[in-house]
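The file entry_32.txt comes next; it holds compact mmCIF, C-alpha atoms.
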# COMPACT_ATOMS: atom_id res chain seq x y z
CA MET Y 612 126.84 7.91 111.28
CA LYS Y 613 128.15 11.08 109.69
CA ARG Y 614 125.61 10.75 106.88
CA GLN Y 615 122.81 10.43 109.47
CA GLY Y 616 124.07 13.58 111.22
CA THR Y 617 124.02 15.45 107.93
CA GLY Y 618 120.49 14.19 107.34
CA ASN Y 619 119.39 15.52 110.75
CA ARG Y 620 120.97 18.87 110.02
CA GLU Y 621 119.17 19.00 106.67
CA GLN Y 622 115.92 18.09 108.41
CA GLY Y 623 116.54 20.84 110.94
CA LEU Y 624 117.26 23.35 108.21
CA GLY Y 625 114.17 22.24 106.36
CA LYS Y 626 112.04 22.82 109.47
CA LEU Y 627 113.54 26.26 109.96
CA ALA Y 628 112.90 27.13 106.34
CA ALA Y 629 109.30 25.89 106.69
CA ILE Y 630 108.79 28.00 109.84
CA ALA Y 631 110.28 31.04 108.10
CA ALA Y 632 108.01 30.46 105.10
CA LEU Y 633 105.02 30.15 107.41
CA VAL Y 634 105.89 33.39 109.21
CA VAL Y 635 106.41 35.19 105.89
CA SER Y 636 103.06 33.86 104.62
CA LEU Y 637 101.28 34.96 107.80
CA CYS Y 638 102.80 38.46 107.57
CA LEU Y 639 101.85 38.78 103.91
CA PHE Y 640 98.35 37.50 104.67
CA ALA Y 641 97.95 40.05 107.48
CA ARG Y 642 99.17 42.81 105.15
CA ALA Y 643 96.81 41.68 102.38
CA GLN Y 644 93.89 41.80 104.84
CA ASP Y 645 94.76 45.40 105.61
CA ILE Y 646 94.68 46.35 101.96
CA GLN Y 647 91.43 44.68 101.00
CA PHE Y 648 88.66 43.20 103.04
CA GLY Y 649 88.59 40.19 100.79
CA GLU Y 650 84.85 40.38 100.22
CA LYS Y 651 83.09 40.80 96.94
CA ARG Y 652 81.07 43.96 97.34
CA ALA Y 653 78.90 46.12 95.21
CA PRO Y 654 80.91 49.33 94.66
CA ALA Y 655 80.01 52.10 97.10
CA GLY Y 656 80.64 54.84 94.53
CA LYS Y 657 79.24 58.16 95.62
CA GLY Y 658 76.75 56.44 97.90
CA HIS Y 659 79.32 55.71 100.65
CA VAL Y 660 77.58 52.43 101.58
CA SER Y 661 78.24 49.09 99.89
CA TYR Y 662 76.48 45.76 100.16
CA ALA Y 663 78.17 42.35 100.11
CA PRO Y 664 75.98 40.11 97.91
CA GLU Y 665 74.89 37.06 99.87
CA VAL Y 666 74.27 33.38 99.23
CA ALA Y 667 72.74 31.77 102.31
CA GLU Y 668 72.02 28.13 103.05
CA VAL Y 669 69.27 27.37 105.58
CA ASN Y 670 67.24 24.42 106.75
CA ALA Y 671 64.24 24.19 104.44
CA GLY Y 672 60.93 24.86 106.13
CA LYS Y 673 62.50 26.00 109.42
CA ALA Y 674 62.94 29.49 110.79
CA SER Y 675 66.53 30.54 110.10
CA VAL Y 676 68.66 33.65 110.27
CA VAL Y 677 70.24 35.27 107.22
CA GLU Y 678 72.69 38.14 107.68
CA LEU Y 679 73.00 41.00 105.22
CA ARG Y 680 76.35 42.75 105.42
CA PHE Y 681 76.91 46.40 104.62
CA ARG Y 682 79.94 48.65 104.84
CA VAL Y 683 80.06 52.40 105.28
CA ASP Y 684 83.05 54.10 103.66
CA GLU Y 685 85.78 55.20 106.05
CA GLY Y 686 85.22 58.74 107.31
CA PHE Y 687 81.46 58.52 106.86
CA HIS Y 688 78.55 57.38 108.99
CA VAL Y 689 74.87 56.66 108.46
CA ASN Y 690 72.09 57.05 110.99
CA SER Y 691 71.23 53.83 112.79
CA HIS Y 692 67.78 52.27 112.53
CA ASN Y 693 66.85 54.31 115.62
CA PRO Y 694 68.47 57.71 115.15
CA SER Y 695 68.79 60.15 118.02
CA SER Y 696 66.44 62.72 116.47
CA GLU Y 697 63.14 62.45 114.65
CA MET Y 698 64.56 64.83 112.04
CA LEU Y 699 67.22 62.29 111.02
CA ILE Y 700 66.51 59.57 108.47
CA PRO Y 701 66.80 56.01 109.84
CA THR Y 702 68.61 53.24 108.01
CA ALA Y 703 65.89 50.85 106.92
CA LEU Y 704 65.60 47.77 104.75
CA LYS Y 705 62.72 47.34 102.34
CA LEU Y 706 62.37 43.92 100.76
CA GLU Y 707 60.19 43.02 97.81
CA PRO Y 708 57.68 40.21 98.31
CA ALA Y 709 59.42 36.97 97.29
CA VAL Y 710 58.02 33.72 95.97
CA GLY Y 711 58.51 30.86 98.43
CA VAL Y 712 60.71 32.48 101.06
CA LYS Y 713 58.92 34.17 103.93
CA VAL Y 714 60.54 36.94 105.99
CA LEU Y 715 59.46 36.72 109.62
CA GLY Y 716 61.35 39.76 110.84
CA GLU Y 717 64.33 42.07 110.60
CA GLU Y 718 66.81 42.82 113.35
CA TYR Y 719 69.05 45.88 113.11
CA PRO Y 720 72.28 46.26 115.04
CA LYS Y 721 72.62 48.82 117.81
CA GLY Y 722 74.18 52.04 116.66
CA MET Y 723 77.32 53.56 118.07
CA ALA Y 724 77.60 56.98 119.70
CA PHE Y 725 79.01 59.69 117.44
CA LYS Y 726 79.54 63.04 119.10
CA LEU Y 727 78.83 66.10 117.02
CA ALA Y 728 79.70 69.25 118.99
CA GLY Y 729 77.76 68.35 122.08
CA GLU Y 730 75.08 66.32 120.31
CA THR Y 731 75.35 62.54 120.41
CA LEU Y 732 74.16 60.80 117.28
CA ASP Y 733 73.35 57.10 116.98
CA VAL Y 734 75.12 55.84 113.86
CA TYR Y 735 76.60 52.93 111.97
CA GLN Y 736 80.22 53.11 110.90
CA GLY Y 737 82.37 50.52 109.13
CA GLU Y 738 80.64 47.16 108.71
CA PHE Y 739 77.16 46.52 110.05
CA ARG Y 740 74.80 43.58 109.61
CA VAL Y 741 71.04 43.36 109.35
CA ARG Y 742 69.68 39.97 110.42
CA LEU Y 743 66.64 38.51 108.69
CA ARG Y 744 64.55 35.70 110.15
CA VAL Y 745 63.28 33.68 107.23
CA ILE Y 746 61.55 30.43 106.34
CA ALA Y 747 62.69 29.17 102.95
CA PRO Y 748 61.46 26.24 100.86
CA LYS Y 749 63.80 23.63 99.37
CA GLY Y 750 66.00 25.00 96.65
CA PRO Y 751 67.09 28.56 95.90
CA SER Y 752 64.89 31.62 96.43
CA THR Y 753 66.01 35.19 95.87
CA LEU Y 754 65.16 38.08 98.16
CA THR Y 755 65.60 41.52 96.64
CA GLY Y 756 65.06 45.03 97.89
CA GLY Y 757 67.03 48.01 99.08
CA LEU Y 758 68.55 49.58 102.15
CA ARG Y 759 67.64 53.25 102.53
CA TYR Y 760 70.15 55.33 104.42
CA GLN Y 761 71.49 58.83 104.72
CA ALA Y 762 75.24 59.35 104.93
CA CYS Y 763 77.29 62.17 106.42
CA ASP Y 764 80.91 62.86 107.16
CA ASN Y 765 81.90 64.99 110.13
CA ALA Y 766 81.03 68.28 108.41
CA ALA Y 767 78.29 67.67 105.86
CA CYS Y 768 75.64 65.29 104.60
CA PHE Y 769 74.46 63.67 101.41
CA PRO Y 770 70.82 63.16 100.41
CA PRO Y 771 69.12 59.88 101.36
CA ARG Y 772 70.03 57.03 99.03
CA THR Y 773 69.12 53.37 98.55
CA VAL Y 774 71.61 50.56 97.95
CA ALA Y 775 70.21 47.51 96.16
CA VAL Y 776 70.12 44.25 98.11
CA SER Y 777 69.89 40.72 96.74
CA VAL Y 778 70.30 37.50 98.67
CA VAL Y 779 69.91 33.95 97.40
CA VAL Y 780 68.46 31.78 100.18
CA THR Y 781 68.84 28.08 99.50
CA GLY Y 782 66.78 25.64 101.57
CA LYS Y 783 68.52 22.29 102.15
CA MET P 1208 126.54 26.51 105.48
CA ARG P 1209 124.37 25.83 108.54
CA ARG P 1210 126.27 28.44 110.58
CA ILE P 1211 125.32 31.08 108.05
CA LEU P 1212 121.83 29.91 107.13
CA ILE P 1213 120.38 29.68 110.66
CA PRO P 1214 121.30 33.25 111.69
CA VAL P 1215 120.09 34.54 108.31
CA VAL P 1216 116.72 32.80 108.72
CA MET P 1217 116.45 34.05 112.30
CA VAL P 1218 117.26 37.62 111.26
CA VAL P 1219 114.66 37.43 108.49
CA VAL P 1220 112.03 36.07 110.89
CA VAL P 1221 112.79 38.68 113.55
CA ALA P 1222 112.79 41.47 110.93
CA LEU P 1223 109.41 40.31 109.64
CA LEU P 1224 107.97 40.15 113.14
CA VAL P 1225 109.27 43.66 113.91
CA TRP P 1226 107.91 44.95 110.61
CA ALA P 1227 104.49 43.35 111.27
CA GLY P 1228 104.46 44.83 114.78
CA VAL P 1229 105.40 48.32 113.60
CA HIS P 1230 102.84 48.15 110.81
CA ASN P 1231 100.16 46.99 113.25
CA LEU P 1232 101.06 49.79 115.69
CA ARG P 1233 100.91 52.41 112.92
CA SER P 1234 97.51 51.13 111.75
CA ARG P 1235 96.18 51.26 115.32
CA ARG P 1236 97.47 54.80 115.80
CA VAL P 1237 95.87 55.96 112.56
CA ALA P 1238 92.58 54.28 113.50
CA MET P 1239 92.73 55.85 116.97
CA GLN P 1240 93.43 59.31 115.53
CA GLN P 1241 90.50 58.93 113.13
CA ALA P 1242 88.22 57.79 115.95
CA GLN P 1243 89.29 60.75 118.11
CA GLN P 1244 88.75 63.10 115.17
CA ALA P 1245 85.22 61.75 114.71
CA GLN P 1246 84.43 62.11 118.39
CA VAL P 1247 85.93 65.52 119.03
CA THR P 1248 85.43 67.76 116.04
CA VAL P 1249 82.80 68.59 113.51
CA GLN P 1250 84.86 71.20 111.74
CA LYS P 1251 85.45 70.47 108.15
CA ASP P 1252 88.87 69.49 107.00
CA SER P 1253 89.24 71.25 103.68
CA ASP P 1254 91.67 68.57 102.47
CA ALA P 1255 89.01 65.93 103.13
CA MET P 1256 86.27 67.68 101.17
CA PRO P 1257 84.84 65.27 98.66
CA GLU P 1258 85.36 66.11 95.05
CA GLY P 1259 82.40 68.10 93.80
CA ALA P 1260 81.44 69.49 97.24
CA VAL P 1261 80.64 72.66 95.33
CA THR P 1262 80.09 72.67 91.60
CA ALA P 1263 80.99 76.31 90.97
CA ASP P 1264 83.49 78.70 92.52
CA LEU P 1265 81.62 81.95 93.11
CA LYS P 1266 84.22 83.87 95.08
CA GLY P 1267 84.63 87.39 93.69
CA LYS P 1268 81.60 87.00 91.43
CA ALA P 1269 78.19 88.62 91.71
CA ALA P 1270 75.84 86.52 93.85
CA PRO P 1271 73.21 84.93 91.59
CA GLY P 1272 69.81 86.55 92.07
CA PHE P 1273 66.76 84.60 93.18
CA THR P 1274 63.16 85.00 94.24
CA LEU P 1275 61.85 82.18 96.43
CA LEU P 1276 58.93 81.51 98.75
CA ASP P 1277 59.39 81.58 102.51
CA LEU P 1278 57.56 79.50 105.13
CA SER P 1279 54.56 81.82 105.04
CA GLY P 1280 54.36 81.72 101.26
CA LYS P 1281 55.79 85.24 100.84
CA LYS P 1282 58.19 85.94 97.97
CA VAL P 1283 61.69 86.85 99.09
CA SER P 1284 64.37 88.08 96.68
CA LEU P 1285 68.09 88.55 97.17
CA ALA P 1286 67.56 91.96 95.57
CA ASP P 1287 65.41 92.95 98.58
CA TYR P 1288 68.63 93.15 100.59
CA LYS P 1289 70.69 95.22 98.17
CA GLY P 1290 73.47 97.10 99.99
CA LYS P 1291 73.41 94.74 103.00
CA PRO P 1292 75.74 91.86 103.88
CA VAL P 1293 73.87 88.61 103.24
CA VAL P 1294 74.59 85.02 104.25
CA VAL P 1295 72.90 82.46 101.99
CA ASN P 1296 72.87 79.09 103.74
CA PHE P 1297 71.72 75.94 101.89
CA TRP P 1298 70.59 73.22 104.29
CA ALA P 1299 68.28 70.22 104.72
CA THR P 1300 66.24 68.83 107.60
CA TYR P 1301 68.14 65.50 107.53
CA CYS P 1302 71.53 67.21 107.82
CA GLY P 1303 73.07 67.08 111.30
CA PRO P 1304 75.93 69.53 110.62
CA CYS P 1305 73.38 71.99 109.16
CA GLN P 1306 71.42 71.80 112.41
CA LEU P 1307 74.62 72.42 114.30
CA GLU P 1308 75.52 75.63 112.49
CA MET P 1309 72.05 77.20 112.14
CA PRO P 1310 71.82 78.34 115.78
CA TRP P 1311 75.20 80.03 115.26
CA PHE P 1312 73.77 81.98 112.30
CA GLN P 1313 70.86 82.94 114.52
CA GLU P 1314 73.27 84.17 117.18
CA PHE P 1315 75.26 86.23 114.64
CA THR P 1316 72.13 87.88 113.20
CA LYS P 1317 71.65 89.37 116.68
CA LYS P 1318 75.31 90.14 117.28
CA TYR P 1319 75.63 92.00 113.96
CA ALA P 1320 72.08 93.38 113.76
CA ASP P 1321 73.50 96.92 113.89
CA LYS P 1322 75.55 96.07 110.78
CA ASP P 1323 72.39 95.05 108.90
CA LEU P 1324 73.49 91.41 108.61
CA VAL P 1325 70.90 89.27 106.82
CA VAL P 1326 70.84 85.47 106.93
CA LEU P 1327 68.69 83.55 104.47
CA GLY P 1328 68.32 79.81 104.99
CA ILE P 1329 67.38 77.89 101.84
CA ASP P 1330 66.03 74.39 102.39
CA ASP P 1331 67.33 72.28 99.49
CA GLU P 1332 65.90 68.76 99.59
CA ASP P 1333 63.35 66.65 97.78
CA GLY P 1334 60.11 65.35 99.18
CA VAL P 1335 60.03 67.42 102.36
CA THR P 1336 56.88 69.15 103.59
CA LYS P 1337 56.63 72.80 104.55
CA GLU P 1338 55.49 71.66 108.00
CA ALA P 1339 58.60 69.52 108.52
CA VAL P 1340 60.87 72.42 107.52
CA ALA P 1341 58.99 74.84 109.80
CA LYS P 1342 59.19 72.33 112.66
CA ALA P 1343 62.94 71.85 112.17
CA ALA P 1344 63.58 75.60 112.01
CA GLY P 1345 61.46 76.13 115.12
CA LYS P 1346 63.27 73.40 117.01
CA LEU P 1347 66.59 75.01 116.15
CA GLY P 1348 65.37 78.41 117.35
CA VAL P 1349 65.83 79.98 113.92
CA THR P 1350 63.85 83.15 113.23
CA TYR P 1351 65.65 84.40 110.10
CA PRO P 1352 63.84 83.77 106.78
CA ILE P 1353 63.71 80.15 105.65
CA LEU P 1354 63.10 79.79 101.91
CA PHE P 1355 62.42 76.80 99.70
CA ALA P 1356 64.86 76.03 96.89
CA GLU P 1357 63.31 76.06 93.45
CA GLY P 1358 64.57 75.59 89.95
CA LYS P 1359 68.26 76.26 89.49
CA VAL P 1360 68.98 78.30 92.60
CA GLY P 1361 71.08 75.53 94.15
CA ALA P 1362 72.99 74.86 90.94
CA ASN P 1363 73.56 78.61 90.46
CA TYR P 1364 75.19 78.68 93.89
CA GLY P 1365 77.37 75.64 93.19
CA VAL P 1366 75.35 73.35 95.45
CA GLY P 1367 75.59 69.65 94.54
CA ASP P 1368 74.74 66.78 96.85
CA TYR P 1369 76.87 68.03 99.72
CA LEU P 1370 75.12 70.11 102.40
CA PRO P 1371 75.44 72.57 104.02
CA VAL P 1372 76.88 75.09 101.58
CA THR P 1373 77.10 78.70 102.68
CA VAL P 1374 77.77 81.73 100.51
CA TYR P 1375 78.73 85.05 102.11
CA VAL P 1376 77.74 88.09 100.06
CA GLY P 1377 79.26 91.51 100.65
CA LYS P 1378 77.40 94.83 100.60
CA ASP P 1379 78.35 95.29 96.94
CA GLY P 1380 76.58 92.04 96.03
CA SER P 1381 79.74 90.04 95.34
CA VAL P 1382 80.61 86.73 96.98
CA VAL P 1383 83.38 87.06 99.57
CA ALA P 1384 83.41 83.44 100.72
CA GLN P 1385 81.83 80.09 99.87
CA THR P 1386 82.05 77.21 102.32
CA PRO P 1387 80.89 73.64 101.72
CA GLY P 1388 80.33 71.78 104.99
CA ALA P 1389 79.88 73.15 108.50
CA PRO P 1390 82.77 75.44 109.41
CA SER P 1391 83.98 76.20 112.91
CA LYS P 1392 82.08 78.99 114.64
CA ASP P 1393 85.18 81.20 114.42
CA GLU P 1394 85.52 80.59 110.70
CA MET P 1395 81.83 81.38 110.25
CA GLU P 1396 82.19 84.66 112.13
CA ALA P 1397 85.34 85.58 110.18
CA ASN P 1398 83.41 85.13 106.92
CA ILE P 1399 80.50 87.15 108.27
CA ARG P 1400 82.89 89.96 109.20
CA LYS P 1401 84.34 89.82 105.67
CA ALA P 1402 80.84 90.20 104.23
CA ILE P 1403 80.15 93.14 106.56
CA GLY P 1404 83.50 94.68 105.61
CA LEU P 1405 85.04 94.61 109.10
Show the structure stored in the file as structure tokens.
Amino acid sequence: MKRQGTGNREQGLGKLAAIAALVVSLCLFARAQDIQFGEKRAPAGKGHVSYAPEVAEVNAGKASVVELRFRVDEGFHVNSHNPSSEMLIPTALKLEPAVGVKVLGEEYPKGMAFKLAGETLDVYQGEFRVRLRVIAPKGPSTLTGGLRYQACDNAACFPPRTVAVSVVVTGK
Amino acid sequence: MRRILIPVVMVVVVALLVWAGVHNLRSRRVAMQQAQQAQVTVQKDSDAMPEGAVTADLKGKAAPGFTLLDLSGKKVSLADYKGKPVVVNFWATYCGPCQLEMPWFQEFTKKYADKDLVVLGIDDEDGVTKEAVAKAAGKLGVTYPILFAEGKVGANYGVGDYLPVTVYVGKDGSVVAQTPGAPSKDEMEANIRKAIGL
């Protein structure tokens, strides 16, 4: 009887220890997510925009969506695909013709309002995704190209640049 | 053993939860402050200037001479304005902060016209047409001379990839201030007054 009681206590302690370990793990995981976004990305360098290389699986021969993910460095913004002024350079993807995979269209996200002393700009900040509608054959096909953008912080701008894009689309 | 272990585990759990909460709150506050900063101000924060915003410190040195073409194809030299306070502003049509500050320069050319203030805007970008530059200047209401950068003029003035860059030249031809990024209007006027000698 006493031995059984001790066993229950040990079980109870074990559960508590497991809960504590779980809480600790969750806290550490949350902290780790703050430090790094956990994605493999091409380095932004001086360009202030990075691209997360993609591997996409789609249904072969059927129209499918592939997302390309980009991140603008903190403290910077790039014009959206539809900037607020014709003088500003839009963010735009240019893909090379690929063998096998056919790109049906590109869909850019809506920009966010960025106020600049009375002017409201339409920009991307942080992560943004460009969606491609594609039809891919069976097996892997690689789409390559570049995203042209023009980055600024809240006081100055950098010349237009292009970040290389490469996505492997595998038809299943 | 159990009497000690349970409270210890509970204290550890509570401490971790408090720590996670405080950390989360701090992160949110920082993010909120950054968002507010982005929405409210366009003034440069000198501490946040990227490394290499200017490639040469010209303050106290003689302003590098240049002869460039303006929108009408006429040659304009810095030497033409010898003895006058001159603002040399490097800009580009794609640059929002440049477009913000250019009307201020225009306003100050009028305000300090009796002090012979000269503003020269130098468009410094690749692949732009004269028409696009003229259109941008017109849209901004700028009537001071707009010149086209050539050769090493940008490099001589410490201009890298970061625009705008403005250099304020005193009547004696020496640089009194050099500002990468759009300043506040007050800071701009203070530098203009320095160049005038007020």
Note to self: I need the residue nearest chain Y from this list: P:Ser1284, P:Ser1381, P:Thr1300, P:Gln1313. Use only C-alpha atoms for the distance.
What the structure shows: P:Thr1300
Do you have, as JSON lines, the list of residues of segment 1266-1352 of chain P lying at most 9 Å from segment 696-702 of chain Y, each with its nearest atom pair and that distance in Å to one decimal, counting all atoms listed in the file and ordered by chain then number?
{"residue": "P:Thr1300", "atom": "CA", "partner": "Y:Met698", "partner_atom": "CA", "distance": 6.2}
{"residue": "P:Tyr1301", "atom": "CA", "partner": "Y:Leu699", "partner_atom": "CA", "distance": 4.8}
{"residue": "P:Cys1302", "atom": "CA", "partner": "Y:Leu699", "partner_atom": "CA", "distance": 7.3}
{"residue": "P:Gly1303", "atom": "CA", "partner": "Y:Leu699", "partner_atom": "CA", "distance": 7.6}
{"residue": "P:Ala1339", "atom": "CA", "partner": "Y:Met698", "partner_atom": "CA", "distance": 8.4}
{"residue": "P:Ala1343", "atom": "CA", "partner": "Y:Met698", "partner_atom": "CA", "distance": 7.2}
Write a file of the just-selected residues containing C-alpha atoms, as a compact mmCIF listing (two decimals), in the frame of the given file.
# COMPACT_ATOMS: atom_id res chain seq x y z
CA THR P 1300 66.24 68.83 107.60
CA TYR P 1301 68.14 65.50 107.53
CA CYS P 1302 71.53 67.21 107.82
CA GLY P 1303 73.07 67.08 111.30
CA ALA P 1339 58.60 69.52 108.52
CA ALA P 1343 62.94 71.85 112.17
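Between Pro771 of chain Y and the candidates Y:Leu754, Y:Tyr662, Y:Tyr735, Y:Asn690, the tightest atom-to-atom separation, counting only C-alpha atoms, involves Y:Asn690.
Between atom CA of Gly711 of chain Y and atom CA of Leu679 of chain Y the separation is 18.9 Å.
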Margin query: Counting all atoms listed in the file, which residue out of P:Tyr1369, P:Tyr1364, P:Tyr1288, P:Tyr1319 sits closest to Ala762 of chain Y?
Written below: P:Tyr1369
Do you know which residues lie at most 9 Å from (75.5, 83.2, 111.5), with coordinates as in the file and only C-alpha atoms counted, and could you write them as a tab-separated table (two decimals) with C-alpha atoms, keeping the file's coordinate frame?
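Contents of result.tsv, freshly written:
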chain	number	residue	atom	x	y	z
P	1294	VAL	CA	74.59	85.02	104.25
P	1308	GLU	CA	75.52	75.63	112.49
P	1309	MET	CA	72.05	77.20	112.14
P	1310	PRO	CA	71.82	78.34	115.78
P	1311	TRP	CA	75.20	80.03	115.26
P	1312	PHE	CA	73.77	81.98	112.30
P	1313	GLN	CA	70.86	82.94	114.52
P	1314	GLU	CA	73.27	84.17	117.18
P	1315	PHE	CA	75.26	86.23	114.64
P	1316	THR	CA	72.13	87.88	113.20
P	1317	LYS	CA	71.65	89.37	116.68
P	1324	LEU	CA	73.49	91.41	108.61
P	1325	VAL	CA	70.90	89.27	106.82
P	1326	VAL	CA	70.84	85.47	106.93
P	1392	LYS	CA	82.08	78.99	114.64
P	1395	MET	CA	81.83	81.38	110.25
P	1396	GLU	CA	82.19	84.66	112.13
P	1399	ILE	CA	80.50	87.15	108.27
Notebook entry, point to check: Which residue gives the smallest distance to chain P among Y:Glu738, Y:Glu668, Y:Glu730, Y:Glu678, with all atoms listed in the file counted?
Noted result: Y:Glu730
Next item on the list: List the residues sitting within 6 Å of (78.0, 55.4, 116.8) in the file's frame, using all atoms listed in the file, as number ranges by chain.
Entry: Y: 722-725, 733-735
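Proximity to Ala1402 of chain P was assessed for P:Ala1320, P:Ala1269, P:Ala1286, P:Val1382 counting all atoms listed in the file; the smallest distance is recorded for P:Val1382.
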Notebook entry, point to check: If you measure from atom CA of Ala1384 of chain P to atom CA of Phe1273 of chain P, what distance in Å do you get, rounded to one decimal?
Noted result: 18.3 Å
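One finds atom CA of Thr755 of chain Y at 7.7 Å from atom CA of Ala709 of chain Y.
Residue nearest Val1360 of chain P within the list P:Ala1397, P:Val1340, P:Ile1329, P:Val1376: P:Ile1329 [criterion: smallest interatomic distance, only C-alpha atoms].
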